[in-house]
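S.K.: One structure, pasted below without further comment.
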Amino acid sequence: MNPRVAATLLIPVFLPAASVRTPERSVTPVAEGVYVIRHPDPSAGWVHSNTTVIAGERGVLVVDACFLPSVAREDVAEIRRLTNKPVRYLVNTHHHIDHTAGNSVYRDAFPDIEIIAHRDTKRLIETRNPGVAKRWADPNGPLPKSIAQMKERLGKGQTEEGKPMTAKDRADTEQEIADVQRQMREYAAYRQENPTLAFDTEMTVDLGKRIVRLQYLGRANTTGDAIVYLPAEKIVATGDILVHPVPYAAGGHPVEWLETLKKLAAMELSIVIPGHGEVLRDKKFLNLLIEALGSALAQMEAQVREGRAMNAGEVKIDIDDYRKRMIGDDPLNLTWWNDMFLRGVVERGFLGIAR
Ligand SMILES: [Zn+2]
């Protein structure tokens with residue numbers, strides 16, 4: 001064998017494992033006139049939604065408006081560089097503030113814009129989001145407390161675990177304080193902007209030589225999750241029905257979510273844009289999640305039926321084989337997996353199965 005070929009074959013292929021963290025801004029073209037913007041995390045434990053930009057001949061439709069208004073303003077500037085067409089539609093895939101806080105930025109930049117959401121999402125944005133935003137800026141709320149704790153740790157030179165701080169721990173803590181302070185400042189100036197159009201099951205938007213279909217497939221991460229589908233290109237933006245690499249189940253409806261995921265997987269899809277995380281080029285991850293969630297719910301149902309689990313605290317689920325394939329062994333991924341996925345599946349799934 002040619003020694004150079006042999007040498008190449010000996011190099012193991014280490015694919016970098018996907019992380020729950022997004023360190024930097026990126027703009028990925030996924031088709032002619034279709035772009036996915038990803039945003040650097042606003043702080044260590046918090047996230048921005050992905051933002052998808054879909055341009056047609058008549059105008060642009062944007063999916064999700066991220067968490068910090070200042071970052072939504074960067075997106076608007078980016079969109080103006082990408083296309084000279086106006087943004088006519090903004091879709092909120094669900095009500096969570098990391099997908100909707102930038103609504104006012106789009107309203108200011110494109111005064112005629114229609115903001116579209118599922119009917120339940122429109123209602124939840126109207127009722128819940130003003131209070132959520134207020135809490136974010138509250139001088140007596142949780143954020144100033146967490147800043148005070150971080151400052152105390154810096155003063156003592158101790159990590160959360162009580163170990164001596166390294167230079168990196170110190171820099172990370174200082175960065176986290178600055179990031180949280182920025183969030184508080186931005187939310188002090190938060191302006192609520194509600195959806196102007198609602199749909200129940202389906203809505204078609206003609207952008208001019210580009211058809212976009214908004215669909216409700218059933219409950220999943222919230223009561224009103226919408227997907228945005230380009231039938232010609234077979235591209236879907238899923239909102240938080242699908243998040244990569246760690247799916248979000250906290251506050252969701254796991255039993256119905258499984259059925260919603262199956263409906264999504266039955267669609268013709270060449271590109272899957274999750275609510276957070278990298279753009280996926282096939283259904284592998286979606287199908288793994290369906291298997292993992294299906295297994296978790298089946299285990300829980302059996303334990304309930306056999307009297308081994310009378311409440312969520314008694315449920316024991318083993319889906320570690322799926323976990324390894326979906327997120328690997330990265331410790332931060334694992335923490336998120338336990339907090340954002342497994343706990344939600346158990347606590348919320350138990351309600352769906354046994355209540
Ligand atoms: Zn989200």
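Residue numbering restarts at 1 in every chain; chains get A, B, ... in the order shown in the structure tokens, and ligands count up from 1 in that same order.
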Would you write out, as CSV, a table of all residues in region 8-118 of chain A that have an atom no more than 9 Å from an atom of region 129-146 of chain A, listing for each the closest atom pair and the distance in Å to one decimal, considering only C-alpha atoms and ordering rows by chain and rising residue number?
M.R.:
residue,atom,partner,partner_atom,distance
A:His95,CA,A:Asn129,CA,7.5
A:His96,CA,A:Asn129,CA,7.7
A:Ile97,CA,A:Asn129,CA,6.7
A:Thr100,CA,A:Asn129,CA,8.7
A:Ala101,CA,A:Ala133,CA,8.3
S.K.: Would you mind exporting the chosen residues as a PDB file, in the first residue's frame, restricted to C-alpha atoms?
M.R.:
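And here's part_0.pdb as it stands now:
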ATOM      1  CA  HIS A  95     -43.377  32.149  23.537  1.00  0.00           C
ATOM      2  CA  HIS A  96     -40.075  31.684  25.398  1.00  0.00           C
ATOM      3  CA  ILE A  97     -38.263  34.978  25.822  1.00  0.00           C
ATOM      4  CA  THR A 100     -39.267  36.670  21.253  1.00  0.00           C
ATOM      5  CA  ALA A 101     -37.451  39.506  23.082  1.00  0.00           C
TER       6      ALA A 101
END
S.K.: Leaving out region 212-222 of chain A and any residue of its chain fewer than 4 positions from it, which residues lie within 6 Å of it when counting only C-alpha atoms, given as a PyMOL selection string?
M.R.: chain A and resi 201-205+226-230+241+252-253+256-257+260
S.K.: Go through region 3-137 of chain A and collect every residue that DSSP, computed from the backbone, puts in strand (DSSP E); the answer should be as a ChimeraX atom specification.
M.R.: /A:26-31,34-38,51-55,60-63,87-91,114-118
S.K.: Go through the chains and note each residue within 12 Å of ligand 1, using only C-alpha atoms and all ligand atoms, then give the set as number ranges by chain.
M.R.: A: 41, 46-51, 64-67, 92-101, 221-222, 225, 238-244, 246-252, 274-277, 340
S.K.: Save out the residues we just selected, N, CA and C atoms, as a compact mmCIF listing (two decimals), in the first residue's frame.
M.R.:
# COMPACT_ATOMS: atom_id res chain seq x y z
N ASP A 41 -23.57 32.70 23.25
CA ASP A 41 -24.40 32.65 24.47
C ASP A 41 -24.35 33.98 25.22
N TRP A 46 -27.00 30.54 29.81
CA TRP A 46 -28.19 30.98 29.09
C TRP A 46 -27.93 31.01 27.60
N VAL A 47 -29.00 31.11 26.81
CA VAL A 47 -28.87 30.90 25.36
C VAL A 47 -29.71 31.90 24.57
N HIS A 48 -29.31 32.08 23.33
CA HIS A 48 -30.14 32.75 22.33
C HIS A 48 -30.78 31.69 21.44
N SER A 49 -31.95 31.98 20.91
CA SER A 49 -32.49 31.11 19.87
C SER A 49 -31.64 31.26 18.61
N ASN A 50 -31.71 30.25 17.74
CA ASN A 50 -31.24 30.45 16.37
C ASN A 50 -32.23 31.38 15.67
N THR A 51 -31.73 32.09 14.67
CA THR A 51 -32.61 32.93 13.86
C THR A 51 -32.45 32.50 12.40
N ASP A 64 -37.81 33.55 14.60
CA ASP A 64 -37.33 33.77 15.97
C ASP A 64 -36.37 34.96 16.11
N ALA A 65 -36.58 35.67 17.23
CA ALA A 65 -35.97 37.00 17.39
C ALA A 65 -34.97 37.06 18.54
N CYS A 66 -34.48 35.96 19.00
CA CYS A 66 -33.43 35.80 20.02
C CYS A 66 -33.70 36.54 21.34
N PHE A 67 -32.71 36.59 22.20
CA PHE A 67 -32.93 36.92 23.62
C PHE A 67 -32.57 38.36 23.98
N ASN A 92 -42.68 33.76 15.61
CA ASN A 92 -42.24 33.30 16.94
C ASN A 92 -42.63 31.82 17.02
N THR A 93 -41.65 30.92 17.03
CA THR A 93 -41.99 29.49 17.05
C THR A 93 -42.69 29.09 18.36
N HIS A 94 -42.36 29.81 19.45
CA HIS A 94 -43.08 29.62 20.72
C HIS A 94 -42.82 30.85 21.57
N HIS A 95 -43.38 30.89 22.79
CA HIS A 95 -43.38 32.15 23.54
C HIS A 95 -42.11 32.45 24.33
N HIS A 96 -41.23 31.47 24.51
CA HIS A 96 -40.08 31.68 25.40
C HIS A 96 -39.29 32.92 24.98
N ILE A 97 -38.83 33.65 26.02
CA ILE A 97 -38.26 34.98 25.82
C ILE A 97 -36.99 34.94 24.97
N ASP A 98 -36.29 33.80 24.95
CA ASP A 98 -35.07 33.71 24.13
C ASP A 98 -35.40 33.58 22.64
N HIS A 99 -36.70 33.58 22.31
CA HIS A 99 -37.13 33.54 20.90
C HIS A 99 -37.95 34.79 20.52
N THR A 100 -38.28 35.61 21.51
CA THR A 100 -39.27 36.67 21.25
C THR A 100 -38.84 38.07 21.69
N ALA A 101 -37.79 38.18 22.51
CA ALA A 101 -37.45 39.51 23.08
C ALA A 101 -37.09 40.52 22.00
N ASN A 221 -42.59 21.24 23.13
CA ASN A 221 -41.85 21.98 24.16
C ASN A 221 -42.76 22.96 24.90
N THR A 222 -43.82 23.41 24.22
CA THR A 222 -44.83 24.29 24.83
C THR A 222 -46.20 23.84 24.29
N ASP A 225 -46.17 25.18 19.84
CA ASP A 225 -44.95 25.15 19.01
C ASP A 225 -45.28 25.15 17.52
N THR A 238 -37.35 24.16 13.30
CA THR A 238 -38.22 23.40 14.21
C THR A 238 -38.61 24.16 15.47
N GLY A 239 -38.01 25.34 15.74
CA GLY A 239 -38.16 25.88 17.08
C GLY A 239 -37.62 24.86 18.08
N ASP A 240 -38.07 24.92 19.33
CA ASP A 240 -37.48 24.05 20.35
C ASP A 240 -38.13 22.67 20.42
N ILE A 241 -38.94 22.32 19.40
CA ILE A 241 -39.35 20.92 19.27
C ILE A 241 -38.08 20.07 19.16
N LEU A 242 -37.07 20.63 18.51
CA LEU A 242 -35.79 19.95 18.41
C LEU A 242 -34.68 20.94 18.77
N VAL A 243 -33.84 20.54 19.74
CA VAL A 243 -32.68 21.33 20.13
C VAL A 243 -31.47 20.39 20.11
N HIS A 244 -30.36 20.86 19.59
CA HIS A 244 -29.17 20.04 19.44
C HIS A 244 -28.02 20.65 20.24
N VAL A 246 -28.43 18.81 23.22
CA VAL A 246 -29.28 18.38 24.34
C VAL A 246 -30.70 18.91 24.13
N PRO A 247 -31.67 18.03 23.95
CA PRO A 247 -33.05 18.49 23.74
C PRO A 247 -33.60 19.12 25.03
N TYR A 248 -34.55 20.03 24.86
CA TYR A 248 -35.16 20.70 26.02
C TYR A 248 -36.51 20.05 26.34
N ALA A 249 -36.65 19.59 27.59
CA ALA A 249 -37.94 19.00 27.97
C ALA A 249 -38.56 19.71 29.17
N ALA A 250 -37.80 20.64 29.80
CA ALA A 250 -38.34 21.31 30.98
C ALA A 250 -39.56 22.12 30.58
N GLY A 251 -40.65 21.93 31.29
CA GLY A 251 -41.87 22.67 30.97
C GLY A 251 -42.63 22.13 29.77
N GLY A 252 -42.14 21.06 29.16
CA GLY A 252 -42.77 20.55 27.94
C GLY A 252 -43.86 19.51 28.22
N PRO A 274 -32.50 23.39 14.11
CA PRO A 274 -33.10 23.28 15.44
C PRO A 274 -33.27 24.66 16.08
N GLY A 275 -34.02 24.72 17.18
CA GLY A 275 -34.23 25.98 17.87
C GLY A 275 -32.95 26.55 18.46
N HIS A 276 -32.06 25.65 18.89
CA HIS A 276 -30.72 26.00 19.34
C HIS A 276 -29.79 24.92 18.81
N GLY A 277 -28.53 25.30 18.55
CA GLY A 277 -27.56 24.29 18.11
C GLY A 277 -27.36 24.31 16.62
N MET A 340 -31.92 19.69 31.69
CA MET A 340 -32.82 20.23 30.67
C MET A 340 -33.65 19.14 29.99
S.K.: Need to verify the contact set: Asn311 (chain A), 10 Å, only C-alpha atoms, exclusion of same-chain residues closer than 2 positions in sequence. Can you return it as a VMD selection string?
M.R.: chain A and resid 304 307 to 309 313 to 315 346 to 347 350 to 351 354 to 355
S.K.: Those residues you just picked out, can you put them in a file as a PDB file, in the first residue's frame with C-alpha atoms?
M.R.:
ATOM      1  CA  VAL A 304     -46.254   3.105  36.870  1.00  0.00           C
ATOM      2  CA  GLY A 307     -46.532  -0.028  41.016  1.00  0.00           C
ATOM      3  CA  ARG A 308     -42.786   0.647  41.038  1.00  0.00           C
ATOM      4  CA  ALA A 309     -43.257   4.384  40.521  1.00  0.00           C
ATOM      5  CA  GLY A 313     -39.357  10.820  42.214  1.00  0.00           C
ATOM      6  CA  GLU A 314     -39.600   7.023  42.096  1.00  0.00           C
ATOM      7  CA  VAL A 315     -39.132   6.772  38.327  1.00  0.00           C
ATOM      8  CA  VAL A 346     -39.520  12.385  34.071  1.00  0.00           C
ATOM      9  CA  GLU A 347     -41.386  15.181  35.863  1.00  0.00           C
ATOM     10  CA  PHE A 350     -45.172  11.434  34.682  1.00  0.00           C
ATOM     11  CA  LEU A 351     -47.992  14.001  34.533  1.00  0.00           C
ATOM     12  CA  ALA A 354     -50.159   8.931  35.389  1.00  0.00           C
ATOM     13  CA  ARG A 355     -52.172  12.087  36.005  1.00  0.00           C
TER      14      ARG A 355
END
S.K.: Among the residues of region 97-322 of chain A, find those DSSP assigns to helix (DSSP H, G or I) from the backbone and print them as a count of residues only.
M.R.: 110
S.K.: Need to verify the contact set: region 102-119 of chain A, 7 Å, only C-alpha atoms, exclusion of same-chain residues closer than 2 positions in sequence. Can you return it as a ChimeraX atom specification?
M.R.: /A:65-69,72-73,87-93,100,121-123,191-193,195-200,224-226
S.K.: Skipping near chain neighbours, those fewer than 5 positions away, what residues fall within 10 Å of region 168-181 of chain A using only C-alpha atoms, listed as an MDAnalysis selection string?
M.R.: chainID A and resid 41:46 136:137 143:144 146:151 153:154 157:160 186:187
S.K.: Could you dump the residues just selected with N, CA, C and O atoms as a short mmCIF file (atom, residue, chain, number, x, y, z; two decimals), in the first residue's frame?
M.R.:
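Dumped to result.cif:
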data_model
loop_
_atom_site.label_atom_id
_atom_site.label_comp_id
_atom_site.auth_asym_id
_atom_site.auth_seq_id
_atom_site.Cartn_x
_atom_site.Cartn_y
_atom_site.Cartn_z
N ASP A 41 -23.57 32.70 23.25
CA ASP A 41 -24.40 32.65 24.47
C ASP A 41 -24.35 33.98 25.22
O ASP A 41 -23.28 34.55 25.38
N PRO A 42 -25.50 34.45 25.69
CA PRO A 42 -25.53 35.73 26.41
C PRO A 42 -24.87 35.66 27.78
O PRO A 42 -24.50 36.68 28.34
N SER A 43 -24.76 34.46 28.35
CA SER A 43 -24.01 34.24 29.59
C SER A 43 -23.78 32.74 29.69
O SER A 43 -24.29 31.97 28.87
N ALA A 44 -23.04 32.31 30.73
CA ALA A 44 -22.60 30.91 30.76
C ALA A 44 -23.76 29.91 30.79
O ALA A 44 -23.69 28.86 30.21
N GLY A 45 -24.85 30.26 31.46
CA GLY A 45 -25.92 29.28 31.58
C GLY A 45 -27.16 29.64 30.76
O GLY A 45 -28.23 29.10 31.01
N TRP A 46 -27.00 30.54 29.81
CA TRP A 46 -28.19 30.98 29.09
C TRP A 46 -27.93 31.01 27.60
O TRP A 46 -26.78 30.93 27.16
N TRP A 136 -36.44 39.81 34.80
CA TRP A 136 -35.06 39.86 34.35
C TRP A 136 -34.37 41.17 34.78
O TRP A 136 -33.17 41.20 35.01
N ALA A 137 -35.16 42.24 34.90
CA ALA A 137 -34.57 43.54 35.24
C ALA A 137 -34.78 43.88 36.71
O ALA A 137 -34.29 44.93 37.17
N LEU A 143 -31.45 37.90 39.71
CA LEU A 143 -30.15 38.20 39.07
C LEU A 143 -29.21 39.01 39.97
O LEU A 143 -28.03 38.66 40.09
N PRO A 144 -29.69 40.09 40.64
CA PRO A 144 -28.77 40.81 41.53
C PRO A 144 -28.23 39.91 42.64
O PRO A 144 -27.08 40.04 43.05
N SER A 146 -27.60 36.73 42.37
CA SER A 146 -26.55 35.88 41.81
C SER A 146 -25.28 36.70 41.56
O SER A 146 -24.16 36.21 41.78
N ILE A 147 -25.44 37.97 41.17
CA ILE A 147 -24.26 38.85 41.00
C ILE A 147 -23.56 39.03 42.35
O ILE A 147 -22.33 38.93 42.44
N ALA A 148 -24.35 39.26 43.40
CA ALA A 148 -23.75 39.47 44.73
C ALA A 148 -22.97 38.23 45.17
O ALA A 148 -21.86 38.33 45.72
N GLN A 149 -23.55 37.03 44.89
CA GLN A 149 -22.84 35.80 45.26
C GLN A 149 -21.53 35.65 44.49
O GLN A 149 -20.51 35.26 45.06
N MET A 150 -21.57 36.00 43.20
CA MET A 150 -20.34 35.88 42.40
C MET A 150 -19.28 36.85 42.91
O MET A 150 -18.10 36.52 42.98
N LYS A 151 -19.72 38.07 43.29
CA LYS A 151 -18.75 39.06 43.80
C LYS A 151 -18.15 38.58 45.12
O LYS A 151 -16.96 38.77 45.37
N ARG A 153 -17.71 35.47 45.98
CA ARG A 153 -16.73 34.41 45.67
C ARG A 153 -15.42 35.02 45.17
O ARG A 153 -14.33 34.54 45.52
N LEU A 154 -15.52 36.07 44.34
CA LEU A 154 -14.30 36.75 43.87
C LEU A 154 -13.52 37.32 45.04
O LEU A 154 -12.29 37.21 45.10
N GLY A 157 -11.93 34.59 46.74
CA GLY A 157 -11.05 33.79 45.88
C GLY A 157 -11.43 32.33 45.87
O GLY A 157 -10.59 31.45 45.72
N GLN A 158 -12.74 32.06 46.04
CA GLN A 158 -13.20 30.66 46.09
C GLN A 158 -14.23 30.36 45.00
O GLN A 158 -15.09 31.19 44.72
N THR A 159 -14.14 29.16 44.41
CA THR A 159 -15.13 28.74 43.43
C THR A 159 -16.42 28.34 44.15
O THR A 159 -16.45 28.26 45.39
N GLU A 160 -17.46 28.05 43.34
CA GLU A 160 -18.73 27.60 43.91
C GLU A 160 -18.54 26.35 44.77
O GLU A 160 -19.27 26.14 45.73
N GLU A 186 -30.39 45.62 29.56
CA GLU A 186 -31.23 45.53 28.35
C GLU A 186 -32.70 45.29 28.71
O GLU A 186 -33.60 45.83 28.08
N TYR A 187 -32.92 44.47 29.73
CA TYR A 187 -34.31 44.17 30.08
C TYR A 187 -34.98 45.32 30.82
O TYR A 187 -36.21 45.43 30.83
#
S.K.: Between CA of Leu288 (chain A) and CA of Arg325 (chain A), measure the distance and give it in Å to one decimal.
M.R.: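 One can read the CA of Leu288 (chain A) to CA of Arg325 (chain A) distance as 8.2 Å.
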S.K.: Can you tell me, as a list of chain:residue names, what residues are no more than 12 Å from region 82-84 of chain A when counting only C-alpha atoms, ignoring any on the same chain fewer than 6 positions away?
M.R.: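 So, after excluding close chain neighbours, the residues are A:Val27, A:Thr28, A:Pro29, A:Glu32, A:Gly33, A:Val34, A:Tyr35, A:Val36, A:Ile37, A:Val53, A:Ile54, A:Ala55, A:Gly56, A:Glu57, A:Arg58, A:Gly59, A:Val60, A:Leu61, A:Asp75, A:Val76.
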S.K.: With a distance cut-off of 8 Å and only C-alpha atoms, select the neighbouring residues of region 290-300 of chain A, excluding the residue or stretch itself and same-chain residues fewer than 2 positions from it, and output the selection as a PDB file with N, CA and C atoms, in the first residue's frame.
M.R.:
ATOM      1  N   PRO A 254     -43.955  15.791  27.292  1.00  0.00           N
ATOM      2  CA  PRO A 254     -43.208  14.695  26.667  1.00  0.00           C
ATOM      3  C   PRO A 254     -44.064  13.672  25.914  1.00  0.00           C
ATOM      4  N   VAL A 255     -45.254  13.335  26.456  1.00  0.00           N
ATOM      5  CA  VAL A 255     -46.054  12.296  25.798  1.00  0.00           C
ATOM      6  C   VAL A 255     -46.512  12.781  24.424  1.00  0.00           C
ATOM      7  N   LEU A 258     -43.532  13.305  21.814  1.00  0.00           N
ATOM      8  CA  LEU A 258     -43.105  12.130  21.046  1.00  0.00           C
ATOM      9  C   LEU A 258     -43.906  12.014  19.745  1.00  0.00           C
ATOM     10  N   LEU A 261     -42.839  14.756  17.348  1.00  0.00           N
ATOM     11  CA  LEU A 261     -41.545  14.434  16.727  1.00  0.00           C
ATOM     12  C   LEU A 261     -41.715  13.410  15.609  1.00  0.00           C
ATOM     13  N   LYS A 262     -42.618  12.449  15.824  1.00  0.00           N
ATOM     14  CA  LYS A 262     -42.840  11.431  14.786  1.00  0.00           C
ATOM     15  C   LYS A 262     -43.440  12.057  13.534  1.00  0.00           C
ATOM     16  N   LEU A 286     -32.804  13.521  14.963  1.00  0.00           N
ATOM     17  CA  LEU A 286     -34.252  13.527  15.212  1.00  0.00           C
ATOM     18  C   LEU A 286     -34.731  12.111  15.543  1.00  0.00           C
ATOM     19  N   ASN A 287     -34.284  11.143  14.734  1.00  0.00           N
ATOM     20  CA  ASN A 287     -34.714   9.761  14.971  1.00  0.00           C
ATOM     21  C   ASN A 287     -34.166   9.192  16.275  1.00  0.00           C
ATOM     22  N   LEU A 288     -32.920   9.581  16.618  1.00  0.00           N
ATOM     23  CA  LEU A 288     -32.348   9.146  17.903  1.00  0.00           C
ATOM     24  C   LEU A 288     -33.171   9.685  19.065  1.00  0.00           C
ATOM     25  N   ALA A 302     -44.237   1.461  32.246  1.00  0.00           N
ATOM     26  CA  ALA A 302     -44.174   0.120  32.842  1.00  0.00           C
ATOM     27  C   ALA A 302     -44.031   0.220  34.360  1.00  0.00           C
ATOM     28  N   GLN A 303     -43.183   1.150  34.817  1.00  0.00           N
ATOM     29  CA  GLN A 303     -42.970   1.291  36.266  1.00  0.00           C
ATOM     30  C   GLN A 303     -44.236   1.776  36.975  1.00  0.00           C
ATOM     31  N   VAL A 304     -44.988   2.632  36.293  1.00  0.00           N
ATOM     32  CA  VAL A 304     -46.254   3.105  36.870  1.00  0.00           C
ATOM     33  C   VAL A 304     -47.241   1.943  36.944  1.00  0.00           C
ATOM     34  N   ALA A 309     -43.398   2.922  40.477  1.00  0.00           N
ATOM     35  CA  ALA A 309     -43.257   4.384  40.521  1.00  0.00           C
ATOM     36  C   ALA A 309     -44.630   4.997  40.788  1.00  0.00           C
ATOM     37  N   VAL A 315     -39.392   7.268  39.686  1.00  0.00           N
ATOM     38  CA  VAL A 315     -39.132   6.772  38.327  1.00  0.00           C
ATOM     39  C   VAL A 315     -37.634   6.600  38.117  1.00  0.00           C
ATOM     40  N   LYS A 316     -37.234   5.481  37.518  1.00  0.00           N
ATOM     41  CA  LYS A 316     -35.819   5.264  37.189  1.00  0.00           C
ATOM     42  C   LYS A 316     -35.721   4.942  35.706  1.00  0.00           C
ATOM     43  N   ILE A 317     -35.007   5.797  34.996  1.00  0.00           N
ATOM     44  CA  ILE A 317     -34.914   5.628  33.553  1.00  0.00           C
ATOM     45  C   ILE A 317     -33.464   5.408  33.154  1.00  0.00           C
ATOM     46  N   ASP A 318     -33.246   4.421  32.289  1.00  0.00           N
ATOM     47  CA  ASP A 318     -31.898   4.211  31.751  1.00  0.00           C
ATOM     48  C   ASP A 318     -31.940   4.352  30.227  1.00  0.00           C
ATOM     49  N   ILE A 319     -31.452   5.484  29.738  1.00  0.00           N
ATOM     50  CA  ILE A 319     -31.337   5.662  28.277  1.00  0.00           C
ATOM     51  C   ILE A 319     -29.898   6.100  27.956  1.00  0.00           C
ATOM     52  N   TYR A 322     -28.472   5.868  24.381  1.00  0.00           N
ATOM     53  CA  TYR A 322     -28.870   6.985  23.513  1.00  0.00           C
ATOM     54  C   TYR A 322     -28.090   8.236  23.899  1.00  0.00           C
ATOM     55  N   ARG A 323     -27.953   8.440  25.206  1.00  0.00           N
ATOM     56  CA  ARG A 323     -27.233   9.621  25.691  1.00  0.00           C
ATOM     57  C   ARG A 323     -25.840   9.692  25.082  1.00  0.00           C
ATOM     58  N   VAL A 345     -38.311  15.191  31.183  1.00  0.00           N
ATOM     59  CA  VAL A 345     -38.998  14.002  30.661  1.00  0.00           C
ATOM     60  C   VAL A 345     -39.677  13.258  31.809  1.00  0.00           C
ATOM     61  N   VAL A 346     -38.968  13.134  32.931  1.00  0.00           N
ATOM     62  CA  VAL A 346     -39.520  12.385  34.071  1.00  0.00           C
ATOM     63  C   VAL A 346     -40.659  13.167  34.729  1.00  0.00           C
ATOM     64  N   GLY A 349     -43.306  14.077  32.013  1.00  0.00           N
ATOM     65  CA  GLY A 349     -43.825  12.846  31.411  1.00  0.00           C
ATOM     66  C   GLY A 349     -44.733  12.098  32.380  1.00  0.00           C
ATOM     67  N   PHE A 350     -44.353  12.122  33.669  1.00  0.00           N
ATOM     68  CA  PHE A 350     -45.172  11.434  34.682  1.00  0.00           C
ATOM     69  C   PHE A 350     -46.592  12.025  34.697  1.00  0.00           C
TER      70      PHE A 350
END
S.K.: Between A:Ala18, A:Ile235, A:Ile211, A:Ala265, which has the minimum distance to Val30 (chain A) (counting only C-alpha atoms)?
M.R.: A:Ile235
